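Trainee: Data: final.txt, compact mmCIF, C-alpha atoms.
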```
# COMPACT_ATOMS: atom_id res chain seq x y z
CA MET A 777 0.00 0.00 0.00
CA ARG A 778 1.32 3.40 -0.99
CA THR A 779 -1.51 5.26 0.66
CA ILE A 780 0.64 7.04 3.24
CA ARG A 781 3.06 8.52 0.70
CA LYS A 782 0.26 9.52 -1.61
CA THR A 783 -1.82 11.07 1.15
CA THR A 784 1.19 13.11 2.15
CA LYS A 785 1.55 14.29 -1.42
CA SER A 786 -2.10 15.20 -1.71
CA GLN A 787 -1.93 17.19 1.50
CA ARG A 788 0.79 19.35 -0.06
CA THR A 789 -0.98 19.79 -3.41
CA PRO A 790 -3.87 22.21 -4.00
CA THR A 791 -7.26 20.59 -4.47
CA THR A 792 -7.76 21.85 -8.05
CA GLU A 793 -4.37 20.51 -9.05
CA ILE A 794 -5.13 17.08 -7.58
CA ARG A 795 -8.46 17.06 -9.36
CA GLY A 796 -6.69 17.97 -12.61
CA LEU A 797 -4.17 15.17 -12.18
CA ILE A 798 -6.95 12.67 -11.55
CA LEU A 799 -9.02 13.77 -14.56
CA ASP A 800 -6.01 13.93 -16.91
CA ALA A 801 -4.96 10.42 -15.96
CA SER A 802 -8.56 9.22 -16.25
CA LYS A 803 -8.75 10.57 -19.81
CA ARG A 804 -5.51 8.79 -20.72
CA ILE A 805 -6.82 5.51 -19.34
CA ILE A 806 -10.13 5.80 -21.23
CA GLU A 807 -8.38 6.64 -24.52
CA GLU A 808 -5.42 4.27 -24.22
CA ASP A 809 -6.68 1.33 -22.17
CA GLY A 810 -10.46 1.64 -22.58
CA TYR A 811 -13.30 2.00 -20.13
CA ASP A 812 -13.30 -1.68 -19.18
CA ALA A 813 -9.72 -1.39 -17.92
CA PHE A 814 -10.56 1.61 -15.75
CA THR A 815 -10.10 0.96 -12.03
CA ILE A 816 -9.30 3.26 -9.12
CA ARG A 817 -6.11 1.22 -8.61
CA LEU A 818 -4.92 1.88 -12.19
CA LEU A 819 -5.98 5.51 -11.91
CA SER A 820 -4.02 5.86 -8.68
CA GLU A 821 -0.89 4.55 -10.43
CA LYS A 822 -1.25 6.72 -13.55
CA ALA A 823 -2.19 9.91 -11.69
CA ASP A 824 0.32 9.28 -8.88
CA VAL A 825 -2.46 10.12 -6.45
CA SER A 826 -3.52 7.74 -3.67
CA PRO A 827 -6.87 5.92 -3.86
CA ALA A 828 -7.85 7.68 -0.63
CA SER A 829 -7.14 11.03 -2.22
CA ILE A 830 -9.13 10.09 -5.33
CA TYR A 831 -12.10 9.14 -3.16
CA ARG A 832 -11.74 12.35 -1.13
CA HIS A 833 -11.37 14.70 -4.10
CA ILE A 834 -13.84 13.10 -6.50
CA GLY A 835 -15.25 9.78 -5.29
CA ASP A 836 -15.54 6.25 -6.60
CA LYS A 837 -15.09 5.03 -10.18
CA GLN A 838 -18.53 6.17 -11.28
CA ALA A 839 -17.97 9.59 -9.72
CA VAL A 840 -14.69 9.96 -11.62
CA ILE A 841 -16.40 8.93 -14.89
CA ASN A 842 -19.24 11.36 -14.19
CA ALA A 843 -16.67 14.12 -13.63
CA LEU A 844 -15.04 13.25 -16.97
CA ILE A 845 -18.42 13.39 -18.71
CA ASP A 846 -19.33 16.74 -17.14
CA ASP A 847 -15.88 18.06 -18.01
CA SER A 848 -16.28 16.99 -21.64
CA PHE A 849 -19.72 18.59 -22.00
CA GLN A 850 -18.50 21.80 -20.33
CA THR A 851 -15.48 21.98 -22.62
CA LEU A 852 -17.68 21.38 -25.66
CA ARG A 853 -20.05 24.12 -24.49
CA GLU A 854 -17.14 26.54 -24.11
CA LYS A 855 -15.87 25.66 -27.60
CA LEU A 856 -19.34 26.20 -29.08
CA LEU A 857 -19.69 29.56 -27.33
CA ARG A 858 -16.42 30.65 -28.92
CA VAL A 859 -17.88 30.10 -32.43
CA THR A 860 -18.83 33.68 -33.29
CA THR A 861 -18.77 33.66 -37.11
CA GLU A 862 -21.06 36.52 -38.18
CA ASP A 863 -23.04 34.72 -40.89
CA PRO A 864 -25.60 32.63 -38.95
CA LEU A 865 -25.62 29.64 -41.31
CA GLN A 866 -21.83 29.61 -41.50
CA ARG A 867 -21.78 29.85 -37.69
CA LEU A 868 -23.94 26.73 -37.53
CA TYR A 869 -21.59 25.00 -39.96
CA ASP A 870 -18.52 26.03 -37.95
CA ALA A 871 -20.15 24.82 -34.74
CA GLY A 872 -20.72 21.48 -36.43
CA VAL A 873 -17.03 21.28 -37.27
CA VAL A 874 -16.13 22.12 -33.66
CA TYR A 875 -18.48 19.40 -32.40
CA ARG A 876 -16.85 16.73 -34.56
CA GLY A 877 -13.36 17.90 -33.60
CA HIS A 878 -14.24 17.65 -29.92
CA ALA A 879 -15.50 14.09 -30.33
CA LYS A 880 -12.58 12.95 -32.47
CA ALA A 881 -10.04 14.39 -30.01
CA SER A 882 -11.34 12.02 -27.31
CA PRO A 883 -13.35 9.24 -28.92
CA GLY A 884 -13.22 7.08 -25.81
CA ILE A 885 -14.75 9.82 -23.67
CA TYR A 886 -17.22 10.63 -26.43
CA ALA A 887 -18.52 7.07 -26.33
CA LEU A 888 -19.15 7.45 -22.60
CA LEU A 889 -21.07 10.72 -22.81
CA TRP A 890 -24.49 9.13 -23.10
CA ARG A 891 -23.81 5.85 -21.37
CA TRP A 892 -25.53 7.09 -18.22
CA HIS A 893 -28.00 9.81 -17.39
CA ALA A 894 -26.81 12.96 -19.13
CA GLY A 895 -27.09 15.73 -16.60
CA GLU A 896 -26.92 19.51 -16.36
CA ALA A 897 -23.66 19.81 -18.30
CA SER A 898 -25.34 18.12 -21.27
CA GLU A 899 -28.34 20.44 -20.99
CA ALA A 900 -26.04 23.48 -20.86
CA CYS A 901 -24.37 22.19 -24.01
CA LEU A 902 -27.71 21.86 -25.80
CA ALA A 903 -28.55 25.38 -24.60
CA ALA A 904 -25.41 26.65 -26.34
CA MET A 905 -26.53 24.93 -29.56
CA THR A 906 -30.01 26.42 -29.15
CA GLU A 907 -28.41 29.88 -28.89
CA LEU A 908 -26.73 29.29 -32.28
CA VAL A 909 -30.18 28.58 -33.71
CA ARG A 910 -31.75 31.63 -32.04
CA TYR A 911 -28.98 33.81 -33.48
CA GLY A 912 -29.91 32.63 -36.96
CA GLN A 913 -33.61 33.07 -36.28
CA ALA A 914 -33.09 36.64 -35.08
CA ALA A 915 -31.27 37.33 -38.36
CA GLY A 916 -34.14 35.78 -40.32
CA LYS A 917 -31.88 33.05 -41.68
CA ILE A 918 -33.24 30.05 -39.76
CA ARG A 919 -36.85 28.84 -39.72
CA ARG A 920 -39.02 30.04 -36.84
CA ASP A 921 -39.63 26.54 -35.55
CA ASP A 922 -38.92 25.69 -31.90
CA PRO A 923 -35.17 26.47 -31.62
CA HIS A 924 -34.79 23.74 -29.02
CA LEU A 925 -36.19 21.16 -31.47
CA ILE A 926 -33.97 22.44 -34.28
CA ALA A 927 -30.92 22.23 -32.01
CA TRP A 928 -31.86 18.73 -30.89
CA SER A 929 -32.34 17.60 -34.50
CA ILE A 930 -28.92 18.92 -35.47
CA TRP A 931 -27.30 17.44 -32.39
CA SER A 932 -28.88 14.05 -33.11
CA ALA A 933 -27.72 14.13 -36.72
CA VAL A 934 -24.11 15.16 -36.08
CA HIS A 935 -23.96 12.72 -33.16
CA GLY A 936 -25.00 9.89 -35.45
CA PHE A 937 -22.28 10.70 -37.95
CA VAL A 938 -19.60 11.19 -35.32
CA GLN A 939 -20.64 8.10 -33.41
CA PHE A 940 -20.31 5.98 -36.56
CA GLU A 941 -16.95 7.58 -37.26
CA THR A 942 -15.39 7.35 -33.79
CA ARG A 943 -16.42 3.82 -32.88
CA PRO A 944 -13.44 1.54 -32.40
CA GLU A 945 -14.19 -0.56 -35.50
CA HIS A 946 -14.21 2.37 -37.90
CA ASP A 947 -15.51 1.36 -41.29
CA THR A 948 -17.80 4.09 -42.57
CA PRO A 949 -18.91 3.32 -46.13
CA VAL A 950 -17.66 6.59 -47.61
CA ASP A 951 -14.27 7.35 -49.12
CA ASP A 952 -13.78 10.71 -47.43
CA ASP A 953 -15.26 11.26 -43.97
CA ASP A 954 -14.37 14.98 -44.01
CA ALA A 955 -16.26 15.53 -47.27
CA ALA A 956 -19.16 13.39 -46.05
CA TYR A 957 -19.42 15.40 -42.83
CA SER A 958 -19.35 18.67 -44.75
CA PHE A 959 -22.08 17.25 -46.99
CA LEU A 960 -24.20 16.35 -43.94
CA LEU A 961 -23.76 19.81 -42.39
CA ARG A 962 -24.82 21.52 -45.62
CA LEU A 963 -27.80 19.16 -45.89
CA LEU A 964 -28.84 20.05 -42.31
CA ILE A 965 -28.41 23.78 -42.95
CA ARG A 966 -30.64 23.56 -46.02
CA GLY A 967 -33.14 21.79 -43.78
CA VAL A 968 -33.24 24.56 -41.15
CA ARG A 969 -32.93 27.58 -43.44
CA ALA A 970 -35.76 30.11 -43.18
CA PRO A 971 -38.63 29.34 -45.59
CA GLU A 972 -38.55 33.00 -46.72
CA THR A 973 -35.64 32.02 -48.95
CA VAL A 974 -37.62 29.12 -50.47
CA SER A 975 -40.09 29.68 -53.31
CA GLU A 976 -43.81 29.20 -52.73
CA GLY A 977 -45.86 26.43 -54.28
CA THR A 978 -43.58 23.60 -53.18
CA ALA A 979 -45.70 22.37 -50.31
CA THR A 980 -44.69 18.81 -49.54
CA ILE A 981 -44.33 16.99 -46.29
CA ALA A 982 -40.87 18.51 -46.07
CA ASP A 983 -42.30 22.02 -45.96
CA THR A 984 -44.94 21.45 -43.38
CA SER A 985 -44.06 23.11 -40.10
CA ARG A 986 -44.56 21.13 -36.91
CA SER A 987 -48.20 21.56 -35.93
CA MET B 1153 -24.43 -32.41 -18.56
CA ARG B 1154 -27.48 -32.44 -20.76
CA THR B 1155 -25.45 -32.69 -23.91
CA ILE B 1156 -26.61 -36.17 -24.83
CA ARG B 1157 -30.31 -35.38 -24.63
CA LYS B 1158 -29.82 -32.07 -26.47
CA THR B 1159 -27.70 -33.60 -29.18
CA THR B 1160 -30.39 -36.18 -29.68
CA LYS B 1161 -32.95 -33.39 -30.04
CA SER B 1162 -30.87 -31.44 -32.52
CA GLN B 1163 -30.43 -34.57 -34.60
CA ARG B 1164 -34.19 -34.82 -34.92
CA THR B 1165 -34.77 -31.10 -35.66
CA PRO B 1166 -34.16 -29.46 -39.05
CA THR B 1167 -31.13 -27.17 -39.21
CA THR B 1168 -33.12 -24.01 -40.01
CA GLU B 1169 -35.40 -24.66 -37.06
CA ILE B 1170 -32.44 -25.12 -34.71
CA ARG B 1171 -30.90 -21.94 -36.04
CA GLY B 1172 -34.18 -20.10 -35.46
CA LEU B 1173 -34.41 -21.41 -31.89
CA ILE B 1174 -30.86 -20.24 -31.19
CA LEU B 1175 -31.37 -16.77 -32.68
CA ASP B 1176 -34.75 -16.24 -31.01
CA ALA B 1177 -33.32 -17.16 -27.61
CA SER B 1178 -30.28 -14.94 -28.30
CA LYS B 1179 -32.54 -11.97 -29.00
CA ARG B 1180 -34.45 -12.56 -25.77
CA ILE B 1181 -31.18 -12.68 -23.79
CA ILE B 1182 -29.88 -9.46 -25.37
CA GLU B 1183 -33.14 -7.59 -24.74
CA GLU B 1184 -33.96 -9.03 -21.31
CA ASP B 1185 -30.60 -9.77 -19.71
CA GLY B 1186 -28.23 -7.59 -21.74
CA TYR B 1187 -25.17 -8.35 -23.82
CA ASP B 1188 -22.89 -8.70 -20.79
CA ALA B 1189 -24.99 -11.60 -19.48
CA PHE B 1190 -24.82 -13.43 -22.81
CA THR B 1191 -23.04 -16.79 -22.58
CA ILE B 1192 -23.33 -19.96 -24.61
CA ARG B 1193 -24.36 -21.72 -21.38
CA LEU B 1194 -27.30 -19.31 -20.82
CA LEU B 1195 -28.19 -19.50 -24.50
CA SER B 1196 -28.21 -23.28 -24.33
CA GLU B 1197 -30.65 -23.16 -21.41
CA LYS B 1198 -32.99 -20.58 -22.98
CA ALA B 1199 -32.99 -22.11 -26.47
CA ASP B 1200 -33.13 -25.67 -25.13
CA VAL B 1201 -30.36 -26.52 -27.58
CA SER B 1202 -27.08 -28.09 -26.47
CA PRO B 1203 -23.86 -26.04 -26.52
CA ALA B 1204 -22.45 -28.55 -29.00
CA SER B 1205 -25.39 -27.98 -31.29
CA ILE B 1206 -25.00 -24.17 -30.98
CA TYR B 1207 -21.34 -24.48 -31.95
CA ARG B 1208 -22.19 -26.80 -34.83
CA HIS B 1209 -25.06 -24.72 -36.24
CA ILE B 1210 -23.65 -21.23 -35.70
CA GLY B 1211 -20.40 -21.15 -33.72
CA ASP B 1212 -19.09 -19.44 -30.60
CA LYS B 1213 -20.55 -16.44 -28.79
CA GLN B 1214 -19.17 -13.93 -31.29
CA ALA B 1215 -20.50 -15.99 -34.21
CA VAL B 1216 -23.97 -16.02 -32.63
CA ILE B 1217 -23.81 -12.24 -32.07
CA ASN B 1218 -22.64 -11.74 -35.66
CA ALA B 1219 -25.56 -13.85 -36.87
CA LEU B 1220 -27.94 -11.67 -34.82
CA ILE B 1221 -26.44 -8.52 -36.33
CA ASP B 1222 -26.66 -9.85 -39.88
CA ASP B 1223 -30.22 -10.98 -39.22
CA SER B 1224 -31.17 -7.52 -37.93
CA PHE B 1225 -29.65 -5.72 -40.94
CA GLN B 1226 -31.30 -8.17 -43.35
CA THR B 1227 -34.68 -7.71 -41.68
CA LEU B 1228 -34.29 -3.93 -41.79
CA ARG B 1229 -33.37 -4.13 -45.47
CA GLU B 1230 -36.48 -6.19 -46.19
CA LYS B 1231 -38.65 -3.71 -44.29
CA LEU B 1232 -37.13 -0.79 -46.23
CA LEU B 1233 -37.69 -2.55 -49.55
CA ARG B 1234 -41.37 -2.92 -48.63
CA VAL B 1235 -41.76 0.87 -48.36
CA THR B 1236 -43.27 1.64 -51.76
CA THR B 1237 -45.16 4.90 -51.13
CA GLU B 1238 -45.45 6.60 -54.54
CA ASP B 1239 -44.42 10.14 -53.56
CA PRO B 1240 -40.61 9.98 -53.30
CA LEU B 1241 -40.28 12.40 -50.36
CA GLN B 1242 -43.08 10.68 -48.49
CA ARG B 1243 -41.37 7.36 -49.25
CA LEU B 1244 -38.20 8.68 -47.64
CA TYR B 1245 -40.22 9.83 -44.63
CA ASP B 1246 -41.96 6.47 -44.33
CA ALA B 1247 -38.64 4.65 -44.57
CA GLY B 1248 -37.38 6.82 -41.70
CA VAL B 1249 -40.36 5.74 -39.62
CA VAL B 1250 -39.66 2.09 -40.47
CA TYR B 1251 -36.01 2.51 -39.45
CA ARG B 1252 -36.92 3.90 -36.04
CA GLY B 1253 -39.55 1.22 -35.49
CA HIS B 1254 -37.00 -1.48 -36.27
CA ALA B 1255 -34.52 -0.05 -33.75
CA LYS B 1256 -37.11 0.48 -31.03
CA ALA B 1257 -38.46 -3.06 -31.40
CA SER B 1258 -35.03 -4.46 -30.40
CA PRO B 1259 -32.99 -1.68 -28.74
CA GLY B 1260 -30.51 -4.17 -27.30
CA ILE B 1261 -29.71 -5.61 -30.72
CA TYR B 1262 -29.68 -2.11 -32.22
CA ALA B 1263 -26.93 -1.10 -29.78
CA LEU B 1264 -24.85 -4.06 -31.00
CA LEU B 1265 -25.19 -3.34 -34.72
CA TRP B 1266 -22.08 -1.18 -34.95
CA ARG B 1267 -20.11 -2.59 -32.06
CA TRP B 1268 -17.96 -4.60 -34.44
CA HIS B 1269 -17.13 -4.48 -38.09
CA ALA B 1270 -20.38 -3.97 -39.97
CA GLY B 1271 -20.31 -6.35 -42.89
CA GLU B 1272 -22.16 -7.13 -46.08
CA ALA B 1273 -25.61 -7.11 -44.45
CA SER B 1274 -25.02 -3.52 -43.38
CA GLU B 1275 -23.87 -2.56 -46.87
CA ALA B 1276 -26.95 -4.20 -48.39
CA CYS B 1277 -29.06 -2.15 -45.99
CA LEU B 1278 -27.36 1.07 -47.06
CA ALA B 1279 -27.90 0.02 -50.67
CA ALA B 1280 -31.65 -0.21 -49.98
CA MET B 1281 -31.56 3.33 -48.56
CA THR B 1282 -29.60 4.51 -51.59
CA GLU B 1283 -32.34 3.06 -53.82
CA LEU B 1284 -34.90 5.21 -51.99
CA VAL B 1285 -32.76 8.25 -52.84
CA ARG B 1286 -32.33 7.21 -56.48
CA TYR B 1287 -36.11 6.78 -56.80
CA GLY B 1288 -36.54 10.41 -55.68
CA GLN B 1289 -33.78 11.60 -57.99
CA ALA B 1290 -35.34 9.84 -60.97
CA ALA B 1291 -38.59 11.69 -60.20
CA GLY B 1292 -36.69 14.98 -59.95
CA LYS B 1293 -37.64 15.38 -56.30
CA ILE B 1294 -34.24 14.77 -54.68
CA ARG B 1295 -31.04 16.70 -55.37
CA ARG B 1296 -28.67 15.18 -57.91
CA ASP B 1297 -25.85 14.78 -55.39
CA ASP B 1298 -24.17 11.40 -54.89
CA PRO B 1299 -27.12 9.19 -53.79
CA HIS B 1300 -24.76 7.11 -51.65
CA LEU B 1301 -23.69 10.25 -49.74
CA ILE B 1302 -27.28 11.41 -49.33
CA ALA B 1303 -28.27 7.97 -48.02
CA TRP B 1304 -25.32 7.91 -45.63
CA SER B 1305 -26.17 11.39 -44.33
CA ILE B 1306 -29.75 10.39 -43.67
CA TRP B 1307 -28.71 7.12 -42.07
CA SER B 1308 -26.23 8.94 -39.81
CA ALA B 1309 -28.86 11.45 -38.77
CA VAL B 1310 -31.65 9.00 -38.00
CA HIS B 1311 -29.14 6.72 -36.28
CA GLY B 1312 -28.10 9.58 -33.99
CA PHE B 1313 -31.68 10.27 -32.98
CA VAL B 1314 -32.57 6.63 -32.50
CA GLN B 1315 -29.36 5.91 -30.63
CA PHE B 1316 -30.09 8.72 -28.17
CA GLU B 1317 -33.63 7.46 -27.81
CA THR B 1318 -32.96 3.74 -27.35
CA ARG B 1319 -30.01 3.92 -24.96
CA PRO B 1320 -30.84 2.32 -21.60
CA GLU B 1321 -30.78 5.62 -19.70
CA HIS B 1322 -33.39 7.31 -21.87
CA ASP B 1323 -33.60 11.00 -21.11
CA THR B 1324 -33.91 12.88 -24.40
CA PRO B 1325 -34.44 16.61 -23.74
CA VAL B 1326 -37.68 16.83 -25.72
CA ASP B 1327 -41.24 16.37 -24.48
CA ASP B 1328 -42.43 14.23 -27.38
CA ASP B 1329 -39.96 11.92 -29.11
CA ASP B 1330 -42.44 11.03 -31.86
CA ALA B 1331 -42.95 14.70 -32.76
CA ALA B 1332 -39.20 15.36 -32.53
CA TYR B 1333 -38.44 12.47 -34.88
CA SER B 1334 -41.05 13.65 -37.36
CA PHE B 1335 -39.47 17.11 -37.12
CA LEU B 1336 -36.03 15.64 -37.85
CA LEU B 1337 -37.30 13.66 -40.86
CA ARG B 1338 -38.95 16.75 -42.35
CA LEU B 1339 -35.76 18.73 -41.74
CA LEU B 1340 -33.73 16.07 -43.55
CA ILE B 1341 -36.18 15.93 -46.44
CA ARG B 1342 -35.97 19.72 -46.88
CA GLY B 1343 -32.21 19.24 -46.91
CA VAL B 1344 -32.21 16.69 -49.72
CA ARG B 1345 -35.05 18.13 -51.82
CA ALA B 1346 -34.13 18.95 -55.40
CA PRO B 1347 -32.88 22.55 -55.76
CA GLU B 1348 -35.25 23.01 -58.71
CA THR B 1349 -37.98 23.64 -56.16
CA VAL B 1350 -35.90 26.26 -54.33
CA SER B 1351 -35.79 29.87 -55.54
CA GLU B 1352 -32.60 31.28 -57.07
CA GLY B 1353 -30.46 33.94 -55.45
CA THR B 1354 -30.15 32.25 -52.07
CA ALA B 1355 -26.65 30.92 -52.54
CA THR B 1356 -25.22 30.22 -49.10
CA ILE B 1357 -22.97 27.49 -47.90
CA ALA B 1358 -26.10 25.40 -47.51
CA ASP B 1359 -26.84 25.61 -51.21
CA THR B 1360 -23.38 24.80 -52.45
CA SER B 1361 -23.23 21.36 -53.97
CA ARG B 1362 -20.34 19.15 -52.99
CA SER B 1363 -17.48 20.01 -55.27
```
How does the structure come out when it is put into structure tokens?
Mentor:
Amino acid sequence: MRTIRKTTKSQRTPTTEIRGLILDASKRIIEEDGYDAFTIRLLSEKADVSPASIYRHIGDKQAVINALIDDSFQTLREKLLRVTTEDPLQRLYDAGVVYRGHAKASPGIYALLWRWHAGEASEACLAAMTELVRYGQAAGKIRRDDPHLIAWSIWSAVHGFVQFETRPEHDTPVDDDDAAYSFLLRLLIRGVRAPETVSEGTATIADTSRS
Amino acid sequence: MRTIRKTTKSQRTPTTEIRGLILDASKRIIEEDGYDAFTIRLLSEKADVSPASIYRHIGDKQAVINALIDDSFQTLREKLLRVTTEDPLQRLYDAGVVYRGHAKASPGIYALLWRWHAGEASEACLAAMTELVRYGQAAGKIRRDDPHLIAWSIWSAVHGFVQFETRPEHDTPVDDDDAAYSFLLRLLIRGVRAPETVSEGTATIADTSRS
């Protein structure tokens, strides 16, 4: 047992730094060894923080995973909020690119994001996406449907693509994933664009607003 | 050991029937007990087929799971091919409804579909979706982009929605999943609709065809 040495270390180290060490090592384990290999014992070794300190600063395995998930959603939210392209449809496109980049940077964490109840951090992330939609609606560029529903549709769609792409056994049936993702984003943007820019007399099921 | 009795049974039962018994019991285990609980021993009990017979007719655990996956993709393909609504955009919508129904009928199997290399059955399924797109293109209702890319975009998008919806810890942030899915399908259909029905002079990134 190395608990005594580690506890001594943790007593000298600020709480936020310990928490950072634990989360950084947790991310490495998830990406390099996989979720199934994740144990507090392995985490203790990789973070050089005692199990007792891990329990004190964050909690048990599930608490550490939950902290990773919250951290990932919060980081994604911050990245989305930094997308400030002026053109609303281009902003939506750029946000889509940011979303995919976030997932591909940590595919192991991405796979965990919805494995359990997605909490407030996930909701805050969706709220950031909804703001992107509202920005386009205020500019008259995005349809005046429920912005929350539009955001959820876009999130679902980009999630599907990214989930296919980041799964361990990657074998998407397209030659160029970058081009395919760009294609999907442009398809989605056409789907949410304000009907003012679409000619009349084309009423099909695709034009019907949600009743 | 019940091997002798079971082997006797399997010798009296046609191969296709044995295979059906094994796959039906496998589905029940995946949906009721979960993938992690799946063992050949449990399967043998639930299917009332000996382990030796399971190995002879299908193979080991992974072979049984692969057979389930292929079976699910083949069934989905057959369901999609039966969608023959005349209006091409409505046909696409109806196929989307069929896709979601297929996933929701067996969420446990659905979660397994992309856990490993998706093989020929998956490609045949995508080919059926691509045919739906080609039908709409032939009628001038769907954009003349690569039908394979359009089909893959739609598949990715509906997969994302359905994957969020069917995960064990269901907590989608919308009040009405049915309405949200209908909203997504209509969004996607607007996104793939032929540009002939869209007015000129609205060139944005969303209008730009893939170069």
Trainee: Under the rule that only C-alpha atoms are counted, which of B:Arg1180, B:Arg1267, B:Arg1252, B:His1209 is the nearest residue to His1311 (chain B)?
Mentor: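 Of B:Arg1180, B:Arg1267, B:Arg1252, B:His1209, the one nearest His1311 (chain B) is B:Arg1252, counting only C-alpha atoms.
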Trainee: Would you please work out which residue, of B:Val1201, B:Cys1277, B:Phe1316, B:Tyr1187, is nearest to Ala887 (chain A) when using all atoms listed in the file?
Mentor: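 Counting all atoms listed in the file, the residue closest to Ala887 (chain A) is B:Phe1316.
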Trainee: Give me the residues near region 795-800 of chain A as a ChimeraX atom specification, where near means some atom within 8 Å (using all atoms listed in the file) and where sequence neighbours in that chain fewer than 5 positions away do not count.
Mentor: /A:819-820,823,825,830,833-834,840,843-844
Trainee: Distance CA of Lys837 (chain A)-CA of Glu1317 (chain B), one decimal place?
Mentor: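 CA of Lys837 (chain A) sits 25.7 Å away from CA of Glu1317 (chain B).
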Trainee: To one decimal place in Å, what is the distance between CA of Arg858 (chain A) and CA of Leu925 (chain A)?
Mentor: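 It comes out at 22.1 Å.
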Trainee: What is the distance between CA of Ala1303 (chain B) and CA of Thr1236 (chain B), in Å to one decimal?
Mentor: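 Straight-line distance from CA of Ala1303 (chain B) to CA of Thr1236 (chain B) works out to 16.7 Å.
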Trainee: At a cut-off of 7 Å, using all atoms listed in the file, what residues contact Ala1273 (chain B)? Leave out same-chain residues fewer than 2 positions from it and give the result as JSON, numbers by chain.
Mentor: {"B": [1222, 1225, 1226, 1271, 1275, 1276, 1277]}
Trainee: As a count of residues only, please: the residues near Tyr869 (chain A) (cut-off 10 Å, all atoms listed in the file, same-chain neighbours under 6 positions excluded).
Mentor: 12
Trainee: Which of these, A:Asp836, A:Glu854, A:Asp812, A:Asp824, has the shortest distance to chain B once you count only C-alpha atoms?
Mentor: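 Ranking A:Asp836, A:Glu854, A:Asp812, A:Asp824 by distance to chain B, first place goes to A:Asp812.
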Trainee: Would you list the contacts of Tyr911 (chain A) as a ChimeraX atom specification, taking every protein, DNA or RNA residue within 12 Å and counting all atoms listed in the file, but skipping same-chain residues closer than 5 positions in sequence?
Mentor: /A:857,859-868,904-906,916-920,923,927
Trainee: Residues near Ser1308 (chain B), anyone? I mean within 8 Å using only C-alpha atoms, not counting same-chain ones fewer than 2 positions away, as a list of chain:residue names.
Mentor: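 Counting only the stated atoms, we get A:Ala933, A:Val934, A:His935, A:Gly936, A:Phe937, A:Phe940, B:Trp1304, B:Ser1305, B:Ile1306, B:Val1310, B:His1311, B:Gly1312.
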Trainee: Ranking B:Lys1198, B:Arg1342, B:Arg1193, B:Arg1229 by minimum distance to Ser1274 (chain B) and counting only C-alpha atoms, which one comes first?
Mentor: B:Arg1229
Trainee: Counting all atoms listed in the file, which of B:Ala1255, B:Leu1232, B:Glu1184, B:Trp1268 gets nearest to Pro944 (chain A)?
Mentor: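 Between B:Ala1255, B:Leu1232, B:Glu1184, B:Trp1268, the residue approaching Pro944 (chain A) most closely is B:Trp1268.
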Trainee: Please, which residues are within 9 Å of (-29.7, -9.2, -34.4) by the file's coordinates, counting all atoms listed in the file, and could they come as a ChimeraX atom specification?
Mentor: /B:1175,1178-1179,1217-1225,1227,1258,1260-1262,1264-1265
Trainee: Which of these residues is nearest to chain B, using all atoms listed in the file: A:Arg910, A:His924, A:Lys855, A:Arg832?
Mentor: A:His924
